[in-house]
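Novice: Enclosed is the structure file work27.txt (compact mmCIF, C-alpha atoms).
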```txt
# COMPACT_ATOMS: atom_id res chain seq x y z
CA MET W 1 33.40 -18.09 47.41
CA THR W 2 33.76 -15.11 45.12
CA SER W 3 32.35 -15.84 41.68
CA LEU W 4 32.66 -12.46 40.01
CA ILE W 5 34.47 -9.15 40.44
CA ILE W 6 33.55 -6.09 38.38
CA THR W 7 36.24 -3.43 38.41
CA ASP W 8 36.23 0.29 37.63
CA ALA W 9 32.46 0.61 37.33
CA SER W 10 30.31 3.71 37.53
CA ILE W 11 27.28 3.29 39.81
CA HIS W 12 24.39 5.73 39.85
CA GLY W 13 24.24 7.55 43.18
CA ARG W 14 27.85 6.74 44.11
CA PRO W 15 30.53 9.27 43.10
CA GLY W 16 33.71 7.94 41.51
CA ARG W 17 34.49 4.44 40.25
CA HIS W 18 33.95 1.23 42.18
CA ASP W 19 34.90 -2.43 42.29
CA VAL W 20 32.03 -4.79 43.05
CA VAL W 21 32.53 -8.27 44.52
CA ILE W 22 29.79 -10.86 44.00
CA GLU W 23 29.66 -13.94 46.23
CA GLN W 24 27.11 -16.75 46.16
CA GLY W 25 24.88 -14.76 43.85
CA LEU W 26 24.78 -11.65 46.05
CA VAL W 27 26.55 -8.30 45.96
CA ALA W 28 29.03 -8.76 48.81
CA CYS W 29 31.28 -5.72 48.58
CA ILE W 30 31.37 -2.30 46.89
CA GLU W 31 34.63 -0.40 47.31
CA PRO W 32 36.45 2.43 45.52
CA THR W 33 38.35 1.12 42.52
CA GLY W 34 41.75 -0.31 43.32
CA THR W 35 41.05 -1.26 46.92
CA THR W 36 39.58 -4.74 46.29
CA PRO W 37 42.05 -7.66 45.76
CA ARG W 38 41.09 -9.64 42.68
CA THR W 39 41.65 -12.95 44.46
CA GLU W 40 39.47 -12.06 47.43
CA GLY W 41 37.03 -14.76 48.45
CA THR W 42 38.74 -17.87 47.06
CA ALA W 43 37.85 -20.07 49.98
CA ARG W 44 39.62 -23.30 48.99
CA PRO W 45 43.11 -23.92 47.61
CA ASP W 46 41.61 -25.75 44.65
CA ALA W 47 39.00 -23.05 43.97
CA ALA W 48 39.03 -21.39 40.58
CA PRO W 49 39.92 -17.70 40.66
CA ALA W 50 37.06 -15.27 40.44
CA THR W 51 36.03 -14.04 37.01
CA VAL W 52 36.98 -10.41 36.56
CA ILE W 53 35.10 -8.00 34.30
CA GLU W 54 36.75 -4.66 33.59
CA ALA W 55 33.97 -2.10 33.31
CA ARG W 56 36.27 0.75 32.15
CA GLY W 57 33.91 3.27 33.69
CA GLY W 58 30.76 1.65 32.31
CA LEU W 59 27.51 1.95 34.26
CA LEU W 60 26.71 -0.99 36.53
CA ALA W 61 22.99 -0.99 37.36
CA ARG W 62 20.21 -3.15 38.62
CA ALA W 63 19.00 -5.45 35.85
CA PHE W 64 15.94 -4.33 33.93
CA VAL W 65 12.42 -5.72 34.22
CA GLU W 66 9.93 -6.30 31.40
CA PRO W 67 6.51 -6.11 33.09
CA HIS W 68 4.28 -6.48 30.05
CA LEU W 69 4.94 -8.66 27.00
CA HIS W 70 2.93 -10.99 24.75
CA PRO W 71 5.59 -13.60 23.84
CA ASP W 72 3.11 -16.11 22.41
CA LYS W 73 2.67 -13.70 19.50
CA SER W 74 6.20 -12.27 19.28
CA PHE W 75 7.72 -12.40 15.78
CA SER W 76 4.51 -13.91 14.41
CA LEU W 77 3.80 -11.08 11.96
CA SER W 78 6.88 -12.03 9.97
CA GLU W 79 5.38 -15.51 9.52
CA LEU W 80 2.09 -14.20 8.10
CA PRO W 81 2.19 -13.73 4.32
CA ALA W 82 1.79 -10.06 3.42
CA ALA W 83 -1.20 -10.84 1.21
CA GLU W 84 -3.05 -12.33 4.20
CA ALA W 85 -2.19 -9.39 6.50
CA SER W 86 -3.22 -6.73 4.01
CA GLY W 87 -6.42 -4.91 4.86
CA LEU W 88 -6.95 -6.61 8.22
CA ASN W 89 -7.35 -4.58 11.40
CA HIS W 90 -5.40 -5.42 14.55
CA PHE W 91 -7.99 -7.83 15.92
CA ALA W 92 -8.48 -9.71 12.67
CA ARG W 93 -4.76 -9.91 11.94
CA ALA W 94 -3.94 -11.18 15.44
CA SER W 95 -6.77 -13.72 15.27
CA ARG W 96 -5.61 -15.00 11.89
CA ILE W 97 -2.12 -15.51 13.29
CA LYS W 98 -3.04 -17.29 16.50
CA ALA W 99 -5.51 -19.61 14.80
CA ALA W 100 -2.44 -21.29 13.30
CA PHE W 101 -0.52 -21.57 16.59
CA THR W 102 1.22 -24.80 17.45
CA PRO W 103 2.98 -25.27 20.80
CA GLU W 104 6.27 -25.92 19.02
CA GLN W 105 6.04 -22.80 16.89
CA VAL W 106 5.10 -20.62 19.86
CA ALA W 107 7.90 -22.08 21.99
CA ARG W 108 10.47 -21.27 19.32
CA ARG W 109 9.33 -17.67 18.91
CA ALA W 110 8.82 -17.06 22.63
CA ARG W 111 12.30 -18.32 23.42
CA ARG W 112 13.67 -15.97 20.77
CA ALA W 113 11.88 -13.07 22.49
CA PHE W 114 13.09 -14.14 25.93
CA GLU W 115 16.69 -14.36 24.78
CA LEU W 116 16.43 -10.96 23.10
CA ALA W 117 15.20 -9.48 26.38
CA VAL W 118 18.10 -11.04 28.29
CA SER W 119 20.60 -9.72 25.76
CA ASN W 120 19.22 -6.24 26.51
CA GLY W 121 19.74 -6.55 30.25
CA VAL W 122 16.37 -7.98 31.35
CA THR W 123 16.31 -10.71 34.00
CA ARG W 124 12.63 -10.52 35.04
CA LEU W 125 9.61 -10.67 32.74
CA ARG W 126 5.84 -10.95 32.91
CA ALA W 127 4.24 -12.70 29.95
CA ASN W 128 0.61 -12.32 28.86
CA ILE W 129 -0.66 -15.31 26.89
CA ASP W 130 -3.89 -15.42 24.88
CA ILE W 131 -6.28 -18.00 26.32
CA ASP W 132 -9.40 -18.16 24.19
CA SER W 133 -11.41 -20.31 21.80
CA ILE W 134 -9.13 -19.37 18.90
CA ALA W 135 -5.74 -20.17 20.44
CA GLY W 136 -6.97 -22.74 22.93
CA LEU W 137 -4.09 -23.66 25.21
CA ARG W 138 -1.57 -24.04 22.39
CA GLY W 139 0.06 -20.66 23.00
CA PHE W 140 0.15 -21.30 26.72
CA GLU W 141 1.81 -24.68 26.26
CA GLY W 142 4.42 -23.15 23.96
CA VAL W 143 5.33 -20.30 26.31
CA LEU W 144 5.39 -22.69 29.27
CA GLN W 145 7.98 -24.76 27.38
CA ALA W 146 10.02 -21.68 26.49
CA ARG W 147 9.97 -20.53 30.11
CA GLU W 148 11.42 -23.84 31.22
CA GLU W 149 14.15 -23.60 28.58
CA VAL W 150 15.33 -20.15 29.78
CA ALA W 151 14.76 -20.69 33.51
CA SER W 152 18.46 -20.31 34.34
CA ILE W 153 18.74 -16.87 32.73
CA LEU W 154 15.30 -15.26 33.05
CA ASP W 155 12.49 -15.28 35.61
CA VAL W 156 9.15 -15.43 33.78
CA ASP W 157 5.62 -15.23 35.18
CA LEU W 158 2.69 -16.28 33.01
CA VAL W 159 -0.60 -14.37 32.82
CA ALA W 160 -3.64 -16.25 31.51
CA PHE W 161 -5.15 -13.54 29.31
CA PRO W 162 -8.66 -13.79 27.72
CA GLN W 163 -7.87 -11.61 24.70
CA GLU W 164 -11.26 -12.19 23.08
CA GLY W 165 -13.28 -11.52 26.23
CA LEU W 166 -15.39 -13.72 28.48
CA GLY W 167 -18.94 -12.70 27.55
CA ARG W 168 -17.97 -12.56 23.86
CA ASP W 169 -16.07 -15.85 24.14
CA PRO W 170 -17.73 -18.07 26.78
CA GLY W 171 -15.37 -20.93 25.97
CA ALA W 172 -12.47 -18.96 27.39
CA TYR W 173 -13.60 -19.43 31.00
CA ASP W 174 -12.87 -23.16 31.27
CA LEU W 175 -9.61 -22.67 29.37
CA LEU W 176 -8.52 -20.02 31.87
CA ARG W 177 -9.21 -22.38 34.75
CA GLU W 178 -7.18 -25.10 33.07
CA ALA W 179 -4.27 -22.69 32.50
CA LEU W 180 -4.38 -21.61 36.16
CA ARG W 181 -4.27 -25.28 37.21
CA SER W 182 -1.40 -25.95 34.81
CA GLY W 183 1.16 -23.30 35.69
CA ALA W 184 -0.22 -19.82 35.01
CA ASN W 185 0.86 -17.47 37.81
CA LEU W 186 -1.70 -14.69 37.31
CA ILE W 187 -5.13 -14.10 35.84
CA GLY W 188 -5.55 -11.44 33.17
CA GLY W 189 -8.48 -9.71 31.55
CA TRP W 190 -9.70 -7.06 29.13
CA PRO W 191 -13.17 -5.90 30.14
CA ASN W 192 -13.40 -3.20 27.48
CA VAL W 193 -13.62 -5.80 24.74
CA GLU W 194 -17.12 -6.73 25.95
CA GLU W 195 -20.27 -5.07 24.60
CA GLY W 196 -21.77 -2.61 27.08
CA GLU W 197 -20.93 -1.51 30.60
CA ASP W 198 -22.82 -4.34 32.33
CA ALA W 199 -20.85 -6.97 30.41
CA GLN W 200 -17.62 -5.12 31.11
CA ARG W 201 -18.33 -5.01 34.84
CA ALA W 202 -19.21 -8.70 34.78
CA HIS W 203 -15.86 -9.40 33.09
CA VAL W 204 -14.03 -7.58 35.90
CA ALA W 205 -15.98 -9.47 38.56
CA THR W 206 -15.21 -12.84 36.94
CA VAL W 207 -11.49 -12.05 36.77
CA PHE W 208 -11.49 -11.17 40.47
CA ASP W 209 -13.48 -14.31 41.27
CA LEU W 210 -10.84 -16.44 39.57
CA ALA W 211 -8.06 -14.57 41.37
CA GLU W 212 -9.64 -15.34 44.72
CA GLU W 213 -10.41 -18.96 43.85
CA PHE W 214 -6.85 -19.72 42.71
CA ASP W 215 -5.15 -17.22 45.08
CA VAL W 216 -3.29 -15.46 42.28
CA ASP W 217 -2.67 -11.80 41.51
CA ILE W 218 -4.33 -9.91 38.67
CA ASP W 219 -2.78 -8.32 35.58
CA ILE W 220 -5.59 -6.74 33.59
CA HIS W 221 -5.71 -4.71 30.37
CA ALA W 222 -7.92 -1.64 30.75
CA ASP W 223 -9.13 1.30 28.70
CA CYS W 224 -6.84 0.76 25.71
CA TRP W 225 -8.24 3.64 23.63
CA ILE W 226 -8.49 7.40 24.18
CA GLU W 227 -12.26 7.49 24.33
CA GLU W 228 -14.66 8.74 26.99
CA ARG W 229 -16.41 5.37 27.07
CA GLU W 230 -13.21 3.64 28.23
CA ARG W 231 -14.07 3.72 31.94
CA MET W 232 -12.98 0.42 33.50
CA LEU W 233 -9.91 1.64 35.43
CA GLU W 234 -12.13 3.15 38.11
CA VAL W 235 -14.19 -0.05 38.26
CA ILE W 236 -11.02 -2.11 38.70
CA ALA W 237 -9.86 0.15 41.54
CA GLU W 238 -13.24 -0.13 43.24
CA GLU W 239 -13.27 -3.92 42.91
CA THR W 240 -9.74 -4.09 44.30
CA MET W 241 -10.77 -2.18 47.43
CA THR W 242 -14.01 -4.13 47.85
CA ARG W 243 -12.13 -7.43 47.78
CA GLY W 244 -9.17 -6.23 49.85
CA LEU W 245 -6.68 -7.02 47.08
CA HIS W 246 -4.61 -3.85 47.52
CA GLY W 247 -1.17 -4.25 45.91
CA ARG W 248 -2.20 -7.40 44.02
CA VAL W 249 -3.59 -5.81 40.86
CA MET W 250 -1.81 -4.33 37.86
CA ALA W 251 -3.67 -2.46 35.12
CA SER W 252 -1.99 -1.90 31.77
CA HIS W 253 -2.50 0.67 28.98
CA CYS W 254 -5.20 2.74 30.81
CA CYS W 255 -5.35 5.23 27.95
CA GLY W 256 -8.92 6.34 28.59
CA ILE W 257 -7.90 8.54 31.51
CA GLU W 258 -6.05 10.72 29.00
CA CYS W 259 -9.34 12.22 27.82
CA TYR W 260 -11.27 12.39 31.08
CA HIS W 261 -12.15 16.03 31.63
CA ASP W 262 -14.60 15.58 34.48
CA ASN W 263 -12.94 13.20 36.93
CA ALA W 264 -9.40 12.24 35.88
CA ARG W 265 -7.98 13.35 39.25
CA TYR W 266 -10.72 11.45 41.08
CA VAL W 267 -9.88 8.23 39.22
CA ALA W 268 -6.14 8.70 39.79
CA ASP W 269 -6.75 9.14 43.52
CA LYS W 270 -8.87 6.00 43.60
CA VAL W 271 -6.19 3.99 41.76
CA ALA W 272 -3.62 5.16 44.31
CA GLU W 273 -5.91 4.36 47.24
CA ALA W 274 -6.39 0.81 45.94
CA ASP W 275 -2.65 0.50 45.23
CA VAL W 276 -3.41 -0.67 41.70
CA ARG W 277 -0.13 -0.54 39.79
CA VAL W 278 -0.30 0.98 36.29
CA ALA W 279 1.87 -0.21 33.40
CA VAL W 280 2.03 2.46 30.71
CA ILE W 281 2.90 1.33 27.19
CA PRO W 282 4.94 3.81 25.11
CA LEU W 283 4.32 1.79 21.94
CA ASN W 284 0.75 3.07 22.17
CA LEU W 285 2.17 6.25 20.67
CA VAL W 286 3.19 4.56 17.41
CA ASP W 287 0.16 2.34 17.04
CA GLY W 288 -1.49 4.20 14.16
CA ILE W 289 -4.56 4.65 16.36
CA LEU W 290 -5.28 7.50 18.78
CA ARG W 291 -3.89 6.17 22.07
CA GLY W 292 -1.96 7.71 24.92
CA LEU W 293 0.34 7.28 27.89
CA SER W 294 -2.13 7.23 30.78
CA ARG W 295 -1.41 10.57 32.52
CA PRO W 296 1.67 9.22 34.32
CA HIS W 297 2.36 12.51 36.12
CA MET W 298 -1.14 12.74 37.58
CA LEU W 299 -1.10 9.10 38.66
CA ARG W 300 2.29 9.51 40.32
CA GLN W 301 1.26 12.73 42.04
CA ALA W 302 -1.74 10.88 43.45
CA GLY W 303 0.61 8.22 44.86
CA ALA W 304 0.04 5.45 42.32
CA GLN W 305 2.94 3.30 41.21
CA VAL W 306 3.61 3.68 37.48
CA ILE W 307 5.90 1.41 35.48
CA VAL W 308 6.69 0.97 31.77
CA GLY W 309 6.14 -2.12 29.60
CA SER W 310 6.72 -3.12 25.97
CA ASP W 311 3.46 -4.93 25.05
CA ASN W 312 3.97 -6.50 21.61
CA LEU W 313 6.85 -7.39 19.31
CA ASN W 314 6.42 -7.87 15.55
CA ASP W 315 2.95 -9.40 15.73
CA GLY W 316 -0.61 -8.69 14.67
CA TRP W 317 -0.75 -5.60 16.88
CA TYR W 318 2.66 -4.00 16.36
CA ALA W 319 5.20 -4.49 13.61
CA LEU W 320 7.75 -2.71 15.83
CA GLY W 321 9.31 -3.44 19.20
CA THR W 322 12.87 -4.04 20.33
CA LEU W 323 12.64 -5.32 23.93
CA ASN W 324 15.38 -2.80 24.72
CA PRO W 325 14.60 -1.16 28.09
CA LEU W 326 16.56 1.93 27.02
CA ASP W 327 14.08 2.39 24.17
CA ARG W 328 11.22 2.08 26.67
CA ILE W 329 12.76 4.72 28.91
CA TYR W 330 13.42 7.10 26.01
CA MET W 331 9.90 6.76 24.61
CA ALA W 332 8.33 7.20 28.04
CA VAL W 333 10.40 10.31 28.75
CA VAL W 334 9.44 11.89 25.44
CA GLY W 335 5.86 10.66 25.20
CA GLY W 336 5.11 11.31 28.86
CA GLY W 337 6.52 14.82 28.87
CA PHE W 338 9.16 14.11 31.51
CA ALA W 339 11.93 16.65 32.03
CA ASP W 340 15.66 15.92 31.93
CA ASP W 341 15.83 15.84 35.71
CA GLU W 342 13.07 13.21 35.82
CA VAL W 343 15.02 10.56 33.91
CA ASP W 344 15.84 8.79 37.17
CA ALA W 345 12.14 8.39 37.91
CA VAL W 346 11.48 6.82 34.50
CA TRP W 347 14.58 4.61 34.73
CA HIS W 348 13.16 3.32 38.03
CA MET W 349 9.97 2.38 36.17
CA VAL W 350 11.83 -0.28 34.15
CA ALA W 351 14.16 -1.44 36.93
CA GLY W 352 13.64 -1.34 40.69
CA GLY W 353 10.15 0.13 40.53
CA ALA W 354 9.00 -2.46 38.01
CA ALA W 355 10.49 -5.26 40.12
CA HIS W 356 8.61 -3.98 43.15
CA ALA W 357 5.35 -3.76 41.21
CA LEU W 358 5.67 -7.39 40.13
CA ASP W 359 6.92 -8.95 43.34
CA ASN W 360 5.93 -6.84 46.32
CA ARG W 361 2.40 -6.29 47.59
CA SER W 362 3.42 -3.47 49.94
CA ARG W 363 3.39 0.15 48.85
CA ALA W 364 6.49 1.39 47.05
CA ASP W 365 8.89 3.87 48.61
CA THR W 366 9.20 6.61 45.99
CA ALA W 367 12.29 7.98 47.78
CA VAL W 368 14.40 5.22 46.24
CA GLU W 369 13.92 6.48 42.68
CA SER W 370 17.05 8.65 42.68
CA ALA W 371 19.13 6.53 45.06
CA SER W 372 21.80 4.02 44.10
CA ASP W 373 20.19 0.90 42.73
CA VAL W 374 23.22 -1.32 43.43
CA HIS W 375 23.82 -2.08 47.09
CA ILE W 376 25.42 -4.69 49.32
CA GLY W 377 23.23 -7.71 50.01
CA MET W 378 21.07 -7.47 46.89
CA VAL W 379 20.67 -10.40 44.51
CA ALA W 380 23.26 -9.91 41.79
CA ASP W 381 20.83 -9.45 38.91
CA LEU W 382 22.76 -6.66 37.21
CA VAL W 383 23.43 -5.04 33.87
CA LEU W 384 26.73 -3.46 32.81
CA LEU W 385 26.45 -0.84 30.09
CA GLY W 386 29.18 0.85 28.06
CA ALA W 387 27.83 4.33 28.88
CA HIS W 388 29.13 6.06 32.01
CA ASP W 389 25.75 7.34 33.23
CA ARG W 390 22.04 7.09 32.54
CA LEU W 391 21.75 10.05 30.21
CA GLU W 392 24.61 8.81 28.05
CA ALA W 393 23.02 5.37 27.96
CA LEU W 394 19.81 6.89 26.59
CA ARG W 395 21.69 8.96 24.02
CA ARG W 396 23.59 5.88 22.76
CA PRO W 397 21.31 2.87 23.27
CA GLY W 398 23.20 0.58 20.89
CA GLY W 399 26.26 0.12 23.11
CA PRO W 400 27.67 -2.98 24.79
CA VAL W 401 25.61 -4.83 27.38
CA THR W 402 26.60 -7.50 29.88
CA THR W 403 23.71 -9.19 31.68
CA ILE W 404 24.35 -10.83 35.04
CA LYS W 405 21.79 -13.18 36.61
CA GLY W 406 22.39 -14.41 40.14
CA GLY W 407 26.05 -13.51 39.87
CA ARG W 408 26.59 -15.31 36.55
CA VAL W 409 27.18 -13.65 33.20
CA VAL W 410 24.29 -14.88 31.04
CA ALA W 411 24.56 -12.59 28.01
CA ARG W 412 27.14 -10.25 26.55
CA ARG W 413 27.04 -7.88 23.60
CA THR W 414 30.18 -6.14 22.42
CA VAL W 415 30.33 -3.22 20.02
CA GLU W 416 33.13 -1.57 18.06
CA GLU W 417 32.71 1.73 16.25
CA ARG W 418 35.04 2.80 13.46
CA ILE W 419 35.06 6.42 12.34
CA MET W 420 36.51 6.32 8.85
CA ASP W 421 38.83 9.11 7.69
CA VAL W 422 36.88 11.48 5.47
CA ASP W 423 39.73 11.92 2.96
CA ALA W 424 40.36 8.20 2.79
CA PHE W 425 36.67 7.61 2.15
CA GLY W 426 36.75 10.17 -0.66
CA ALA W 427 39.78 8.46 -2.22
CA ALA W 428 37.99 5.12 -2.12
CA LEU W 429 35.23 6.71 -4.14
CA GLY W 430 37.70 8.00 -6.72
CA GLY W 431 38.09 11.51 -5.32
CA GLY W 432 41.87 11.33 -5.55
CA ALA W 433 42.71 12.24 -1.95
CA ALA W 434 45.49 10.26 -0.33
CA ALA W 435 44.22 7.46 1.83
CA ARG W 436 44.98 7.78 5.52
CA PRO W 437 44.28 5.41 8.41
CA ALA W 438 40.97 5.67 10.25
CA ARG W 439 41.08 8.45 12.79
CA GLY W 440 40.10 6.21 15.62
CA VAL W 441 38.62 2.95 16.78
CA ILE W 442 36.25 3.35 19.68
CA PRO W 443 35.76 0.13 21.63
CA ARG W 444 32.40 0.08 23.43
```
As a first step, turn the structure in this file into structure tokens.

Specialist:
Amino acid sequence: MTSLIITDASIHGRPGRHDVVIEQGLVACIEPTGTTPRTEGTARPDAAPATVIEARGGLLARAFVEPHLHPDKSFSLSELPAAEASGLNHFARASRIKAAFTPEQVARRARRAFELAVSNGVTRLRANIDIDSIAGLRGFEGVLQAREEVASILDVDLVAFPQEGLGRDPGAYDLLREALRSGANLIGGWPNVEEGEDAQRAHVATVFDLAEEFDVDIDIHADCWIEERERMLEVIAEETMTRGLHGRVMASHCCGIECYHDNARYVADKVAEADVRVAVIPLNLVDGILRGLSRPHMLRQAGAQVIVGSDNLNDGWYALGTLNPLDRIYMAVVGGGFADDEVDAVWHMVAGGAAHALDNRSRADTAVESASDVHIGMVADLVLLGAHDRLEALRRPGGPVTTIKGGRVVARRTVEERIMDVDAFGAALGGGAAARPARGVIPR
């Protein structure tokens, strides 16, 4: 039975306008506009008619993916009194915040972040959660609750993340095991937080040991600063190949490779050989600390799969963040030095490419980057934007958004712009010009 029909939509890679029929949560039909009956698919006489959305030329696209977020900490900076935050570095500020975590508080803030992501067209999200002696399992319990509350509108995987290290924080190990027994889907890590290369390598080995013991994939922070000593990405790639975990490891940040002058290409080739996926973080560029964007061109040229994540949202690490995928694309294009004709490649990094990196252990087909991302038979996780194409969407990121999950509309944002008449505005300020009606109302 047809549940939804979207009419007069623009679809990247398909010239003209199209009507899209969604049945049983799948895209069942894509036809030129005007050729699809609106009542098509009503299988029973008592069946309700299909819901019809008029796109008016808006861009219908595959829903976005958020591959890297810390929802346990989202919006927590606003709850820390300014006097307490003043003078603290990122580590100290984040630690101060999470020491006060309660499951209820975390659940409330995490759900707020999840709903914000959905309102921006995201239907798939990977969540890193601090598991350490400071937060205990309180953050994990809160995000687990929030995930259950939004299960019908957002798919969320949980990463058990030892923010404070394993050698530096021995108590984290047992907590990680408990989280993996209690619903965490992946094991995380941050080897660079340990003191010395031996301890960092031991951290990597322990993370891989846990992945093998619990048969989970790995999502590991690596080389978060632009410094020559940040050298764990190569170690992670080597460990991946040694253990035969190709396609099951994601490394995020990876800023150290930005300053490698001796073997950057060698490391990029090794990452590609191991099929370690790399999540670059554009917010690194506004962090107030010298950080980078992980040489995305070199990694892609080597054959590595590169995607784009958000990281933090108004917490001890970043005061900024919007969870708007269009912002992520824009920042990655600018910060990564991508050309206008490479926008499709970056768009893919927050949509189909990101979905593949999270869900598929096989190597990605880079040929799909510029192809249509809406096709018959796909799960109807879609986003409808007011813009007619991708470039317009990036130029005007504040437009309307309709998020569709499994063929159901789960979020909708409408926008109206009013351009006020200049003379009328002057008259309102006492300029004496005759007031005239607004020159136009632009529904979006």

Novice: Quick one: residues within 9 Å of range 294-298 of chain W, only C-alpha atoms counted, chain neighbours fewer than 3 positions away excluded, as a short mmCIF file (atom, residue, chain, number, x, y, z; two decimals) with C-alpha atoms, in the coordinates of the input?

Specialist:
```cif
data_model
loop_
_atom_site.label_atom_id
_atom_site.label_comp_id
_atom_site.auth_asym_id
_atom_site.auth_seq_id
_atom_site.Cartn_x
_atom_site.Cartn_y
_atom_site.Cartn_z
CA HIS W 253 -2.50 0.67 28.98
CA CYS W 254 -5.20 2.74 30.81
CA CYS W 255 -5.35 5.23 27.95
CA GLY W 256 -8.92 6.34 28.59
CA ILE W 257 -7.90 8.54 31.51
CA GLU W 258 -6.05 10.72 29.00
CA ALA W 264 -9.40 12.24 35.88
CA ARG W 265 -7.98 13.35 39.25
CA ALA W 268 -6.14 8.70 39.79
CA ASP W 269 -6.75 9.14 43.52
CA VAL W 278 -0.30 0.98 36.29
CA ALA W 279 1.87 -0.21 33.40
CA VAL W 280 2.03 2.46 30.71
CA ILE W 281 2.90 1.33 27.19
CA ARG W 291 -3.89 6.17 22.07
CA GLN W 301 1.26 12.73 42.04
CA ALA W 302 -1.74 10.88 43.45
CA GLY W 303 0.61 8.22 44.86
CA ALA W 304 0.04 5.45 42.32
CA VAL W 306 3.61 3.68 37.48
CA ILE W 307 5.90 1.41 35.48
CA GLY W 336 5.11 11.31 28.86
CA GLY W 337 6.52 14.82 28.87
CA PHE W 338 9.16 14.11 31.51
#
```

Novice: CA of Ala146 in chain W to CA of Arg111 in chain W: how many Å, to one decimal?

Specialist: 5.1 Å

Novice: Within 10 Å of range 184-205 of chain W, which residues of range 235-303 of chain W come that close, and what is the closest atom pair and distance in Å for each? Count all atoms listed in the file and give it as CSV.

Specialist:
```
residue,atom,partner,partner_atom,distance
W:Val235,CA,W:Arg201,CA,7.3
W:Ile236,CA,W:Val204,CA,6.8
W:Glu239,CA,W:Ala205,CA,7.6
W:Arg248,CA,W:Leu186,CA,9.9
W:Val249,CA,W:Gly188,CA,9.7
W:Met250,CA,W:Gly188,CA,9.3
W:Ala251,CA,W:Gly188,CA,9.4
W:Ser252,CA,W:Trp190,CA,9.6
```

Novice: Distance CA of Val122 in chain W-CA of Val65 in chain W, one decimal place?

Specialist: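 One can read the CA of Val122 in chain W to CA of Val65 in chain W distance as 5.4 Å.
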
Novice: The residues within 10 Å of (25.2, 4.5, 35.6), using only C-alpha atoms and the coordinates of the file, should be reported as an MDAnalysis selection string; which are they?

Specialist: chainID W and resid 9:14 57:62 372:374 383:393

Novice: Could you take the residues named above and write them with C-alpha atoms, as a PDB file, in the frame of the given file?

Specialist:
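Okay, again.pdb is ready:
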```pdb
ATOM      1  CA  ALA W   9      32.460   0.610  37.330  1.00  0.00           C
ATOM      2  CA  SER W  10      30.310   3.710  37.530  1.00  0.00           C
ATOM      3  CA  ILE W  11      27.280   3.290  39.810  1.00  0.00           C
ATOM      4  CA  HIS W  12      24.390   5.730  39.850  1.00  0.00           C
ATOM      5  CA  GLY W  13      24.240   7.550  43.180  1.00  0.00           C
ATOM      6  CA  ARG W  14      27.850   6.740  44.110  1.00  0.00           C
ATOM      7  CA  GLY W  57      33.910   3.270  33.690  1.00  0.00           C
ATOM      8  CA  GLY W  58      30.760   1.650  32.310  1.00  0.00           C
ATOM      9  CA  LEU W  59      27.510   1.950  34.260  1.00  0.00           C
ATOM     10  CA  LEU W  60      26.710  -0.990  36.530  1.00  0.00           C
ATOM     11  CA  ALA W  61      22.990  -0.990  37.360  1.00  0.00           C
ATOM     12  CA  ARG W  62      20.210  -3.150  38.620  1.00  0.00           C
ATOM     13  CA  SER W 372      21.800   4.020  44.100  1.00  0.00           C
ATOM     14  CA  ASP W 373      20.190   0.900  42.730  1.00  0.00           C
ATOM     15  CA  VAL W 374      23.220  -1.320  43.430  1.00  0.00           C
ATOM     16  CA  VAL W 383      23.430  -5.040  33.870  1.00  0.00           C
ATOM     17  CA  LEU W 384      26.730  -3.460  32.810  1.00  0.00           C
ATOM     18  CA  LEU W 385      26.450  -0.840  30.090  1.00  0.00           C
ATOM     19  CA  GLY W 386      29.180   0.850  28.060  1.00  0.00           C
ATOM     20  CA  ALA W 387      27.830   4.330  28.880  1.00  0.00           C
ATOM     21  CA  HIS W 388      29.130   6.060  32.010  1.00  0.00           C
ATOM     22  CA  ASP W 389      25.750   7.340  33.230  1.00  0.00           C
ATOM     23  CA  ARG W 390      22.040   7.090  32.540  1.00  0.00           C
ATOM     24  CA  LEU W 391      21.750  10.050  30.210  1.00  0.00           C
ATOM     25  CA  GLU W 392      24.610   8.810  28.050  1.00  0.00           C
ATOM     26  CA  ALA W 393      23.020   5.370  27.960  1.00  0.00           C
TER      27      ALA W 393
END
```

Novice: Any idea what the distance is between CA of Ser362 in chain W and CA of Ile218 in chain W?

Specialist: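 Interatomic distance here is 15.1 Å.
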
Novice: For range 69-85 of chain W, find every residue with an atom within 10 Å (counting only C-alpha atoms), except residues of its own chain fewer than 5 positions away, and show them as a ChimeraX atom specification.

Specialist: /W:90,92-94,96-98,100-101,103,105-114,125-130,135,138-144,146,158-159,161,309-321,323

Novice: Counting all atoms listed in the file, figure out which residue out of W:Val276, W:Val308, W:Leu180, W:Ile220 gets nearest to Arg363 in chain W.

Specialist: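 Among W:Val276, W:Val308, W:Leu180, W:Ile220, it is W:Val276 that comes nearest to Arg363 in chain W.
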
Novice: Between W:Trp347, W:Phe91, W:Tyr173, W:Tyr330, single out the one closest to Val368 in chain W, counting all atoms listed in the file.

Specialist: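 Selected residue with least distance to Val368 in chain W: W:Trp347.
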